[in-house]
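K.L.:
Pasting query-v3.tsv below, which is TSV, C-alpha atoms and all ligand atoms.
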```tsv
chain	number	residue	atom	x	y	z
A	1	MET	CA	-53.08	-51.99	-31.90
A	2	ALA	CA	-56.56	-51.49	-30.44
A	3	LEU	CA	-58.29	-54.83	-30.92
A	4	ARG	CA	-62.03	-54.91	-30.39
A	5	LEU	CA	-64.39	-57.87	-30.65
A	6	ARG	CA	-68.02	-57.09	-31.36
A	7	PRO	CA	-71.14	-58.77	-32.74
A	8	ALA	CA	-71.30	-58.65	-36.53
A	9	CYS	CA	-73.45	-56.08	-38.26
A	10	ILE	CA	-74.97	-56.30	-41.70
A	11	THR	CA	-72.29	-54.07	-43.25
A	12	ASP	CA	-69.64	-56.66	-42.27
A	13	LEU	CA	-71.00	-59.19	-44.76
A	14	PRO	CA	-68.90	-58.07	-47.74
A	15	ALA	CA	-65.70	-58.35	-45.64
A	16	ILE	CA	-66.79	-61.79	-44.44
A	17	TYR	CA	-67.50	-62.83	-48.01
A	18	ARG	CA	-64.00	-61.67	-49.02
A	19	GLY	CA	-62.45	-63.53	-46.09
A	20	GLU	CA	-64.21	-66.77	-47.00
A	21	GLN	CA	-63.21	-66.34	-50.64
A	22	ASP	CA	-59.61	-65.73	-49.59
A	23	TYR	CA	-59.65	-68.92	-47.50
A	24	ILE	CA	-61.01	-71.00	-50.39
A	25	ARG	CA	-58.51	-69.56	-52.84
A	26	SER	CA	-55.59	-70.07	-50.47
A	27	TRP	CA	-56.43	-73.49	-49.10
A	28	GLU	CA	-58.97	-75.21	-51.32
A	29	PRO	CA	-58.74	-73.69	-54.81
A	30	ASP	CA	-60.17	-76.85	-56.36
A	31	HIS	CA	-63.32	-76.27	-54.35
A	32	GLU	CA	-63.90	-72.64	-55.33
A	33	ASP	CA	-66.50	-73.46	-58.01
A	34	ALA	CA	-68.41	-75.73	-55.63
A	35	TRP	CA	-68.17	-73.11	-52.87
A	36	ARG	CA	-69.52	-70.46	-55.23
A	37	LEU	CA	-72.42	-72.70	-56.29
A	38	GLN	CA	-73.31	-73.02	-52.59
A	39	LEU	CA	-73.05	-69.30	-51.90
A	40	GLU	CA	-76.73	-68.89	-51.14
A	41	ARG	CA	-76.49	-71.70	-48.56
A	42	HIS	CA	-73.40	-70.09	-46.98
A	43	LEU	CA	-75.09	-66.69	-46.85
A	44	THR	CA	-78.15	-68.25	-45.23
A	45	ARG	CA	-75.98	-69.85	-42.56
A	46	TRP	CA	-74.16	-66.59	-41.80
A	47	VAL	CA	-77.46	-64.74	-41.51
A	48	GLU	CA	-79.35	-67.43	-39.56
A	49	ASN	CA	-76.49	-67.52	-37.02
A	50	PHE	CA	-75.83	-63.81	-37.03
A	51	GLU	CA	-75.80	-63.55	-33.23
A	52	ARG	CA	-72.96	-66.09	-33.21
A	53	LEU	CA	-70.92	-64.18	-35.77
A	54	THR	CA	-68.17	-62.16	-34.05
A	55	VAL	CA	-66.02	-59.58	-35.77
A	56	ALA	CA	-62.57	-58.38	-34.71
A	57	THR	CA	-61.71	-54.82	-35.60
A	58	ILE	CA	-58.54	-52.78	-35.48
A	59	GLU	CA	-59.23	-49.07	-35.65
A	60	GLU	CA	-62.71	-49.77	-37.02
A	61	GLN	CA	-61.35	-51.97	-39.83
A	62	VAL	CA	-62.52	-55.58	-39.98
A	63	ALA	CA	-59.45	-57.68	-39.19
A	64	GLY	CA	-61.16	-61.05	-38.71
A	65	TYR	CA	-64.30	-62.92	-37.76
A	66	CYS	CA	-65.56	-66.23	-36.53
A	67	LEU	CA	-68.87	-68.04	-36.65
A	68	TRP	CA	-70.18	-70.94	-34.64
A	69	THR	CA	-73.45	-72.86	-34.77
A	70	PRO	CA	-75.39	-74.76	-32.11
A	71	GLU	CA	-75.73	-78.41	-33.12
A	72	GLU	CA	-77.61	-81.18	-31.29
A	73	ASP	CA	-75.37	-81.39	-28.24
A	74	TYR	CA	-72.29	-79.44	-29.22
A	75	ALA	CA	-71.15	-76.07	-30.54
A	76	GLU	CA	-69.46	-76.23	-33.92
A	77	LEU	CA	-66.88	-73.67	-34.99
A	78	CYS	CA	-67.84	-73.09	-38.64
A	79	THR	CA	-65.27	-70.55	-39.67
A	80	ILE	CA	-62.48	-68.43	-38.21
A	81	ASN	CA	-60.48	-66.04	-40.31
A	82	VAL	CA	-58.00	-63.22	-39.81
A	83	SER	CA	-56.94	-60.98	-42.71
A	84	GLN	CA	-53.41	-61.68	-43.91
A	85	ALA	CA	-52.10	-58.29	-42.77
A	86	TYR	CA	-53.19	-58.92	-39.17
A	87	ARG	CA	-52.07	-62.50	-38.64
A	88	ARG	CA	-49.85	-63.74	-35.78
A	89	LYS	CA	-50.88	-60.88	-33.53
A	90	GLY	CA	-53.22	-62.86	-31.31
A	91	ILE	CA	-56.47	-61.95	-33.08
A	92	GLY	CA	-57.30	-65.53	-34.10
A	93	GLN	CA	-56.78	-66.65	-30.53
A	94	ALA	CA	-59.00	-63.85	-29.20
A	95	LEU	CA	-61.78	-64.83	-31.63
A	96	PHE	CA	-61.34	-68.49	-30.79
A	97	TYR	CA	-61.60	-67.89	-27.05
A	98	ALA	CA	-64.66	-65.70	-27.63
A	99	TYR	CA	-66.33	-68.61	-29.46
A	100	ALA	CA	-65.44	-71.04	-26.66
A	101	ALA	CA	-66.66	-68.65	-23.96
A	102	ALA	CA	-69.94	-67.85	-25.76
A	103	ALA	CA	-70.65	-71.54	-26.41
A	104	ARG	CA	-69.96	-72.44	-22.78
A	105	GLN	CA	-72.07	-69.54	-21.62
A	106	GLN	CA	-74.96	-70.84	-23.70
A	107	GLY	CA	-74.70	-74.21	-22.02
A	108	PHE	CA	-72.61	-76.25	-24.46
A	109	THR	CA	-70.15	-78.52	-22.71
A	110	CYS	CA	-68.81	-79.97	-25.97
A	111	LEU	CA	-67.09	-77.85	-28.64
A	112	ARG	CA	-66.14	-79.23	-32.06
A	113	LEU	CA	-64.50	-78.17	-35.30
A	114	SER	CA	-62.96	-79.49	-38.52
A	115	VAL	CA	-59.61	-78.51	-39.98
A	116	ARG	CA	-57.42	-79.59	-42.85
A	117	PRO	CA	-54.50	-81.72	-41.64
A	118	ASP	CA	-51.99	-79.27	-43.20
A	119	ASN	CA	-53.54	-76.12	-41.72
A	120	PRO	CA	-51.37	-74.54	-38.97
A	121	ALA	CA	-54.59	-73.36	-37.33
A	122	ARG	CA	-54.38	-76.77	-35.66
A	123	GLN	CA	-51.74	-75.35	-33.33
A	124	LEU	CA	-54.16	-72.69	-32.17
A	125	TYR	CA	-56.79	-75.33	-31.39
A	126	GLU	CA	-54.36	-77.67	-29.67
A	127	ARG	CA	-53.03	-74.84	-27.56
A	128	ALA	CA	-56.60	-74.22	-26.40
A	129	GLY	CA	-56.90	-77.86	-25.31
A	130	PHE	CA	-58.81	-79.30	-28.26
A	131	ILE	CA	-58.04	-82.92	-29.03
A	132	CYS	CA	-58.05	-84.59	-32.43
A	133	VAL	CA	-60.70	-87.32	-32.35
A	134	GLY	CA	-60.47	-88.59	-35.95
A	135	ASN	CA	-61.24	-87.75	-39.55
A	136	ASP	CA	-64.50	-86.89	-41.23
A	137	ALA	CA	-65.61	-88.29	-44.59
A	138	ASN	CA	-63.82	-85.49	-46.48
A	139	GLY	CA	-60.44	-86.02	-44.86
A	140	TYR	CA	-60.67	-83.11	-42.44
A	141	LEU	CA	-59.51	-83.68	-38.89
A	142	ARG	CA	-62.22	-83.48	-36.25
A	143	TYR	CA	-61.23	-81.72	-33.04
A	144	GLU	CA	-63.15	-81.67	-29.80
A	145	LEU	CA	-63.03	-80.03	-26.40
A	146	ILE	CA	-65.16	-81.43	-23.61
B	1	LIG	C1	-55.90	-69.62	-38.41
B	1	LIG	C2	-55.94	-68.11	-38.23
B	1	LIG	C3	-57.38	-67.67	-37.95
B	1	LIG	C4	-55.05	-67.73	-37.05
B	1	LIG	O1	-55.20	-66.33	-36.83
B	1	LIG	P1	-54.02	-65.47	-36.19
B	1	LIG	O2	-54.59	-64.18	-35.76
B	1	LIG	O3	-52.87	-65.43	-37.12
B	1	LIG	O4	-53.66	-66.39	-34.94
B	1	LIG	P2	-52.91	-65.94	-33.59
B	1	LIG	O5	-51.96	-64.83	-33.86
B	1	LIG	O6	-53.93	-65.71	-32.54
B	1	LIG	O7	-52.10	-67.27	-33.27
B	1	LIG	C5	-52.32	-68.01	-32.11
B	1	LIG	C6	-51.43	-69.25	-32.17
B	1	LIG	O8	-51.88	-70.14	-33.20
B	1	LIG	C7	-50.74	-70.76	-33.83
B	1	LIG	N1	-50.65	-70.31	-35.23
B	1	LIG	C8	-51.50	-69.47	-35.86
B	1	LIG	N2	-51.13	-69.32	-37.16
B	1	LIG	C9	-50.04	-70.10	-37.33
B	1	LIG	C10	-49.21	-70.36	-38.44
B	1	LIG	N3	-49.42	-69.83	-39.66
B	1	LIG	N4	-48.17	-71.21	-38.28
B	1	LIG	C11	-47.93	-71.78	-37.08
B	1	LIG	N5	-48.70	-71.55	-35.96
B	1	LIG	C12	-49.73	-70.73	-36.10
B	1	LIG	C13	-49.53	-70.34	-33.03
B	1	LIG	O9	-49.39	-71.24	-31.97
B	1	LIG	C14	-49.99	-68.97	-32.52
B	1	LIG	O10	-49.31	-68.55	-31.39
B	1	LIG	P3	-47.90	-67.75	-31.54
B	1	LIG	O11	-48.08	-66.69	-32.57
B	1	LIG	O12	-47.69	-67.24	-30.15
B	1	LIG	O13	-46.90	-68.80	-31.96
B	1	LIG	C15	-55.40	-67.38	-39.50
B	1	LIG	O14	-54.14	-67.91	-39.83
B	1	LIG	C16	-56.31	-67.49	-40.70
B	1	LIG	O15	-57.23	-66.69	-40.86
B	1	LIG	N6	-56.07	-68.46	-41.59
B	1	LIG	C17	-56.88	-68.62	-42.78
B	1	LIG	C18	-58.24	-69.17	-42.45
B	1	LIG	C19	-58.13	-70.53	-41.80
B	1	LIG	O16	-57.35	-71.36	-42.21
B	1	LIG	N7	-58.96	-70.74	-40.78
B	1	LIG	C20	-59.01	-72.00	-40.06
B	1	LIG	C21	-59.87	-72.96	-40.76
B	1	LIG	S1	-60.10	-74.44	-39.80
```
Could you write out this structure as structure tokens?
Ligand SMILES: CC(C)(COP(=O)(O)OP(=O)(O)OC[C@H]1O[C@@H](n2cnc3c(N)ncnc32)[C@H](O)[C@@H]1OP(=O)(O)O)[C@@H](O)C(=O)NCCC(=O)NCCS
P.N.:
Amino acid sequence: MALRLRPACITDLPAIYRGEQDYIRSWEPDHEDAWRLQLERHLTRWVENFERLTVATIEEQVAGYCLWTPEEDYAELCTINVSQAYRRKGIGQALFYAYAAAARQQGFTCLRLSVRPDNPARQLYERAGFICVGNDANGYLRYELI
């Protein structure tokens, strides 16, 4: 399995759209309508942060991606997704470490993210040293690495 991480290119956007849709349908089906109504806002965020959008490929096929944004004094992981067929092969971890390394390299000492309490992605974050620091207003857990 030849895993490659690279900056996103414009032709990745349909795969990213499908990945986000898959996440919503799998984890937050009640929010799909709201997510769809906000699609223009999501697209704007992906495009405005394009240089922080990393894609994982296996034999030129998009296998996953992650996006982070610079906030006031921290780097927020916005989304991380690996296609079902490629999960539990270390791709999520590779994307996650790429986010952490890029954020550190750009001077952020604090990294943050939100995750549903029932999402096993938590184990990935905890293994990387992130600590749960509470809940946000929507019931997501807030994780932080300083
Ligand atoms: C979360 C996600 C990105 C992980 O990607 P992945 O490529 O499968 O992750 P990895 O193979 O790198 O896993 C790294 C570690 O994370 C943990 N982990 C990941 N998925 C897990 C699962 N379903 N159950 C339990 N632990 C899991 C394990 O500790 C794993 O190490 P191990 O395989 O040696 O036990 C992937 O499951 C995904 O795309 N999920 C849907 C989108 C999503 O929920 N994103 C997170 C939103 S906050």
K.L.:
Find the smallest box with edges along x, y and z containing every listed atom of ligand LIG 1 (chain B), then add 3 Å on each side and report centre and edge lengths in Å to one decimal, as JSON.
P.N.:
```
{"center_x": -53.5, "center_y": -69.3, "center_z": -36.5, "size_x": 19.2, "size_y": 16.3, "size_z": 18.6}
```
K.L.:
Residues within 9 Å of ligand LIG 1 (chain B) should be enumerated using only C-alpha atoms and all ligand atoms and returned as JSON, numbers by chain.
P.N.:
{"A": [19, 20, 22, 23, 24, 26, 27, 63, 64, 65, 66, 77, 78, 79, 80, 81, 82, 83, 84, 86, 87, 88, 89, 90, 91, 92, 93, 94, 95, 96, 113, 114, 115, 116, 119, 120, 121, 122, 123, 124, 125, 126, 127]}
K.L.:
Using all atoms listed in the file, which of A:Asp118, A:Asp136, A:Glu59, A:Glu76 sits nearest Tyr99 of chain A?
P.N.:
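Residue with the minimum atom-to-atom distance to Tyr99 of chain A: A:Glu76.
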K.L.:
Provide the atom CA of Arg142 of chain A to atom CA of Leu43 of chain A distance in Å, to one decimal place.
P.N.:
23.7 Å
K.L.:
Mind listing whatever residues come within 12 Å of the point (-76.7, -79.8, -28.9)? Use only C-alpha atoms, file coordinates, and give them as a list of chain:residue names.
P.N.:
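It turns out the residues near that spot are A:Thr69, A:Pro70, A:Glu71, A:Glu72, A:Asp73, A:Tyr74, A:Ala75, A:Glu76, A:Ala103, A:Arg104, A:Gln106, A:Gly107, A:Phe108, A:Thr109, A:Cys110, A:Leu111, A:Arg112.
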K.L.:
Distance cut-off 9 Å, centre (-63.5, -55.3, -38.1) in file coordinates, counting all atoms listed in the file: which residues qualify? Return them as a PyMOL selection string.
P.N.:
chain A and resi 3-6+8+12+15+55-65
K.L.:
To one decimal place in Å, what is the distance between atom CA of Tyr17 of chain A and atom CA of Trp35 of chain A?
P.N.:
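Atom-to-atom, atom CA of Tyr17 of chain A and atom CA of Trp35 of chain A are spaced 11.4 Å apart.
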K.L.:
Contacts of Val133 of chain A at 8 Å or less, counting all atoms listed in the file, minus same-chain residues fewer than 6 places along, as a list in words?
P.N.:
Leu141, Arg142, Tyr143 and Glu144 of chain A
K.L.:
Please measure the separation of atom CA of Asn138 of chain A and atom CA of Thr54 of chain A, giving the value in Å to one decimal.
P.N.:
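For atom CA of Asn138 of chain A relative to atom CA of Thr54 of chain A, the distance reads 26.8 Å.
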K.L.:
If you keep N, CA, C and O atoms, can you output segment 116-146 of chain A as a PDB file, in the first residue's frame?
P.N.:
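The result, stored in selection.pdb:
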```pdb
ATOM      1  N   ARG A 116     -17.478  13.982  18.623  1.00  0.00           N
ATOM      2  CA  ARG A 116     -18.626  13.415  19.332  1.00  0.00           C
ATOM      3  C   ARG A 116     -18.125  12.450  20.411  1.00  0.00           C
ATOM      4  O   ARG A 116     -17.173  11.700  20.174  1.00  0.00           O
ATOM      5  N   PRO A 117     -18.815  12.406  21.539  1.00  0.00           N
ATOM      6  CA  PRO A 117     -18.351  11.511  22.618  1.00  0.00           C
ATOM      7  C   PRO A 117     -18.328  10.037  22.210  1.00  0.00           C
ATOM      8  O   PRO A 117     -17.530   9.263  22.736  1.00  0.00           O
ATOM      9  N   ASP A 118     -19.182   9.640  21.253  1.00  0.00           N
ATOM     10  CA  ASP A 118     -19.246   8.221  20.866  1.00  0.00           C
ATOM     11  C   ASP A 118     -18.401   7.902  19.636  1.00  0.00           C
ATOM     12  O   ASP A 118     -18.496   6.806  19.075  1.00  0.00           O
ATOM     13  N   ASN A 119     -17.561   8.845  19.205  1.00  0.00           N
ATOM     14  CA  ASN A 119     -16.754   8.606  18.003  1.00  0.00           C
ATOM     15  C   ASN A 119     -15.404   7.992  18.396  1.00  0.00           C
ATOM     16  O   ASN A 119     -14.636   8.592  19.147  1.00  0.00           O
ATOM     17  N   PRO A 120     -15.095   6.792  17.874  1.00  0.00           N
ATOM     18  CA  PRO A 120     -13.817   6.149  18.248  1.00  0.00           C
ATOM     19  C   PRO A 120     -12.594   6.915  17.772  1.00  0.00           C
ATOM     20  O   PRO A 120     -11.467   6.580  18.164  1.00  0.00           O
ATOM     21  N   ALA A 121     -12.794   7.949  16.963  1.00  0.00           N
ATOM     22  CA  ALA A 121     -11.663   8.807  16.580  1.00  0.00           C
ATOM     23  C   ALA A 121     -10.989   9.375  17.834  1.00  0.00           C
ATOM     24  O   ALA A 121      -9.798   9.718  17.810  1.00  0.00           O
ATOM     25  N   ARG A 122     -11.731   9.430  18.924  1.00  0.00           N
ATOM     26  CA  ARG A 122     -11.149   9.909  20.188  1.00  0.00           C
ATOM     27  C   ARG A 122      -9.872   9.162  20.545  1.00  0.00           C
ATOM     28  O   ARG A 122      -8.937   9.729  21.096  1.00  0.00           O
ATOM     29  N   GLN A 123      -9.866   7.854  20.238  1.00  0.00           N
ATOM     30  CA  GLN A 123      -8.689   7.052  20.602  1.00  0.00           C
ATOM     31  C   GLN A 123      -7.453   7.516  19.828  1.00  0.00           C
ATOM     32  O   GLN A 123      -6.336   7.501  20.347  1.00  0.00           O
ATOM     33  N   LEU A 124      -7.693   7.893  18.596  1.00  0.00           N
ATOM     34  CA  LEU A 124      -6.594   8.410  17.766  1.00  0.00           C
ATOM     35  C   LEU A 124      -6.041   9.691  18.399  1.00  0.00           C
ATOM     36  O   LEU A 124      -4.814   9.857  18.521  1.00  0.00           O
ATOM     37  N   TYR A 125      -6.924  10.572  18.823  1.00  0.00           N
ATOM     38  CA  TYR A 125      -6.490  11.845  19.399  1.00  0.00           C
ATOM     39  C   TYR A 125      -5.787  11.628  20.744  1.00  0.00           C
ATOM     40  O   TYR A 125      -4.769  12.261  21.026  1.00  0.00           O
ATOM     41  N   GLU A 126      -6.355  10.736  21.532  1.00  0.00           N
ATOM     42  CA  GLU A 126      -5.752  10.497  22.861  1.00  0.00           C
ATOM     43  C   GLU A 126      -4.382   9.854  22.718  1.00  0.00           C
ATOM     44  O   GLU A 126      -3.457  10.168  23.465  1.00  0.00           O
ATOM     45  N   ARG A 127      -4.273   8.973  21.734  1.00  0.00           N
ATOM     46  CA  ARG A 127      -2.969   8.337  21.512  1.00  0.00           C
ATOM     47  C   ARG A 127      -1.909   9.359  21.123  1.00  0.00           C
ATOM     48  O   ARG A 127      -0.723   9.181  21.377  1.00  0.00           O
ATOM     49  N   ALA A 128      -2.361  10.447  20.483  1.00  0.00           N
ATOM     50  CA  ALA A 128      -1.421  11.500  20.065  1.00  0.00           C
ATOM     51  C   ALA A 128      -1.160  12.501  21.187  1.00  0.00           C
ATOM     52  O   ALA A 128      -0.441  13.471  20.980  1.00  0.00           O
ATOM     53  N   GLY A 129      -1.779  12.281  22.350  1.00  0.00           N
ATOM     54  CA  GLY A 129      -1.499  13.131  23.504  1.00  0.00           C
ATOM     55  C   GLY A 129      -2.517  14.221  23.755  1.00  0.00           C
ATOM     56  O   GLY A 129      -2.362  15.027  24.669  1.00  0.00           O
ATOM     57  N   PHE A 130      -3.561  14.284  22.934  1.00  0.00           N
ATOM     58  CA  PHE A 130      -4.604  15.296  23.164  1.00  0.00           C
ATOM     59  C   PHE A 130      -5.373  14.951  24.438  1.00  0.00           C
ATOM     60  O   PHE A 130      -5.591  13.776  24.755  1.00  0.00           O
ATOM     61  N   ILE A 131      -5.806  15.996  25.117  1.00  0.00           N
ATOM     62  CA  ILE A 131      -6.516  15.832  26.390  1.00  0.00           C
ATOM     63  C   ILE A 131      -7.897  16.458  26.274  1.00  0.00           C
ATOM     64  O   ILE A 131      -8.038  17.557  25.710  1.00  0.00           O
ATOM     65  N   CYS A 132      -8.887  15.754  26.800  1.00  0.00           N
ATOM     66  CA  CYS A 132     -10.255  16.278  26.785  1.00  0.00           C
ATOM     67  C   CYS A 132     -10.353  17.395  27.828  1.00  0.00           C
ATOM     68  O   CYS A 132     -10.045  17.175  29.000  1.00  0.00           O
ATOM     69  N   VAL A 133     -10.796  18.583  27.360  1.00  0.00           N
ATOM     70  CA  VAL A 133     -10.837  19.729  28.280  1.00  0.00           C
ATOM     71  C   VAL A 133     -12.272  20.197  28.543  1.00  0.00           C
ATOM     72  O   VAL A 133     -12.474  21.219  29.185  1.00  0.00           O
ATOM     73  N   GLY A 134     -13.267  19.437  28.055  1.00  0.00           N
ATOM     74  CA  GLY A 134     -14.657  19.800  28.350  1.00  0.00           C
ATOM     75  C   GLY A 134     -15.561  19.604  27.152  1.00  0.00           C
ATOM     76  O   GLY A 134     -15.173  18.962  26.171  1.00  0.00           O
ATOM     77  N   ASN A 135     -16.766  20.161  27.273  1.00  0.00           N
ATOM     78  CA  ASN A 135     -17.762  20.050  26.209  1.00  0.00           C
ATOM     79  C   ASN A 135     -17.995  21.423  25.590  1.00  0.00           C
ATOM     80  O   ASN A 135     -17.858  22.434  26.265  1.00  0.00           O
ATOM     81  N   ASP A 136     -18.401  21.424  24.315  1.00  0.00           N
ATOM     82  CA  ASP A 136     -18.853  22.701  23.761  1.00  0.00           C
ATOM     83  C   ASP A 136     -20.383  22.771  23.889  1.00  0.00           C
ATOM     84  O   ASP A 136     -21.018  21.859  24.416  1.00  0.00           O
ATOM     85  N   ALA A 137     -20.961  23.849  23.365  1.00  0.00           N
ATOM     86  CA  ALA A 137     -22.394  24.087  23.552  1.00  0.00           C
ATOM     87  C   ALA A 137     -23.251  23.030  22.854  1.00  0.00           C
ATOM     88  O   ALA A 137     -24.421  22.827  23.208  1.00  0.00           O
ATOM     89  N   ASN A 138     -22.669  22.322  21.868  1.00  0.00           N
ATOM     90  CA  ASN A 138     -23.449  21.322  21.125  1.00  0.00           C
ATOM     91  C   ASN A 138     -23.231  19.900  21.627  1.00  0.00           C
ATOM     92  O   ASN A 138     -23.674  18.945  20.999  1.00  0.00           O
ATOM     93  N   GLY A 139     -22.510  19.762  22.732  1.00  0.00           N
ATOM     94  CA  GLY A 139     -22.309  18.435  23.300  1.00  0.00           C
ATOM     95  C   GLY A 139     -21.092  17.702  22.762  1.00  0.00           C
ATOM     96  O   GLY A 139     -20.842  16.552  23.126  1.00  0.00           O
ATOM     97  N   TYR A 140     -20.335  18.346  21.890  1.00  0.00           N
ATOM     98  CA  TYR A 140     -19.095  17.724  21.409  1.00  0.00           C
ATOM     99  C   TYR A 140     -18.026  17.872  22.489  1.00  0.00           C
ATOM    100  O   TYR A 140     -18.020  18.853  23.232  1.00  0.00           O
ATOM    101  N   LEU A 141     -17.125  16.899  22.530  1.00  0.00           N
ATOM    102  CA  LEU A 141     -15.988  17.015  23.442  1.00  0.00           C
ATOM    103  C   LEU A 141     -14.940  17.902  22.800  1.00  0.00           C
ATOM    104  O   LEU A 141     -14.677  17.805  21.589  1.00  0.00           O
ATOM    105  N   ARG A 142     -14.345  18.756  23.607  1.00  0.00           N
ATOM    106  CA  ARG A 142     -13.239  19.589  23.132  1.00  0.00           C
ATOM    107  C   ARG A 142     -11.926  18.951  23.588  1.00  0.00           C
ATOM    108  O   ARG A 142     -11.767  18.609  24.769  1.00  0.00           O
ATOM    109  N   TYR A 143     -11.032  18.757  22.636  1.00  0.00           N
ATOM    110  CA  TYR A 143      -9.718  18.196  22.941  1.00  0.00           C
ATOM    111  C   TYR A 143      -8.648  19.234  22.637  1.00  0.00           C
ATOM    112  O   TYR A 143      -8.813  20.049  21.727  1.00  0.00           O
ATOM    113  N   GLU A 144      -7.551  19.123  23.373  1.00  0.00           N
ATOM    114  CA  GLU A 144      -6.493  20.121  23.237  1.00  0.00           C
ATOM    115  C   GLU A 144      -5.119  19.467  23.423  1.00  0.00           C
ATOM    116  O   GLU A 144      -4.974  18.546  24.219  1.00  0.00           O
ATOM    117  N   LEU A 145      -4.169  19.972  22.690  1.00  0.00           N
ATOM    118  CA  LEU A 145      -2.770  19.578  22.907  1.00  0.00           C
ATOM    119  C   LEU A 145      -1.944  20.862  22.989  1.00  0.00           C
ATOM    120  O   LEU A 145      -2.017  21.713  22.110  1.00  0.00           O
ATOM    121  N   ILE A 146      -1.237  20.996  24.084  1.00  0.00           N
ATOM    122  CA  ILE A 146      -0.406  22.199  24.257  1.00  0.00           C
ATOM    123  C   ILE A 146       1.064  21.789  24.280  1.00  0.00           C
ATOM    124  O   ILE A 146       1.405  20.778  24.875  1.00  0.00           O
TER     125      ILE A 146
END
```
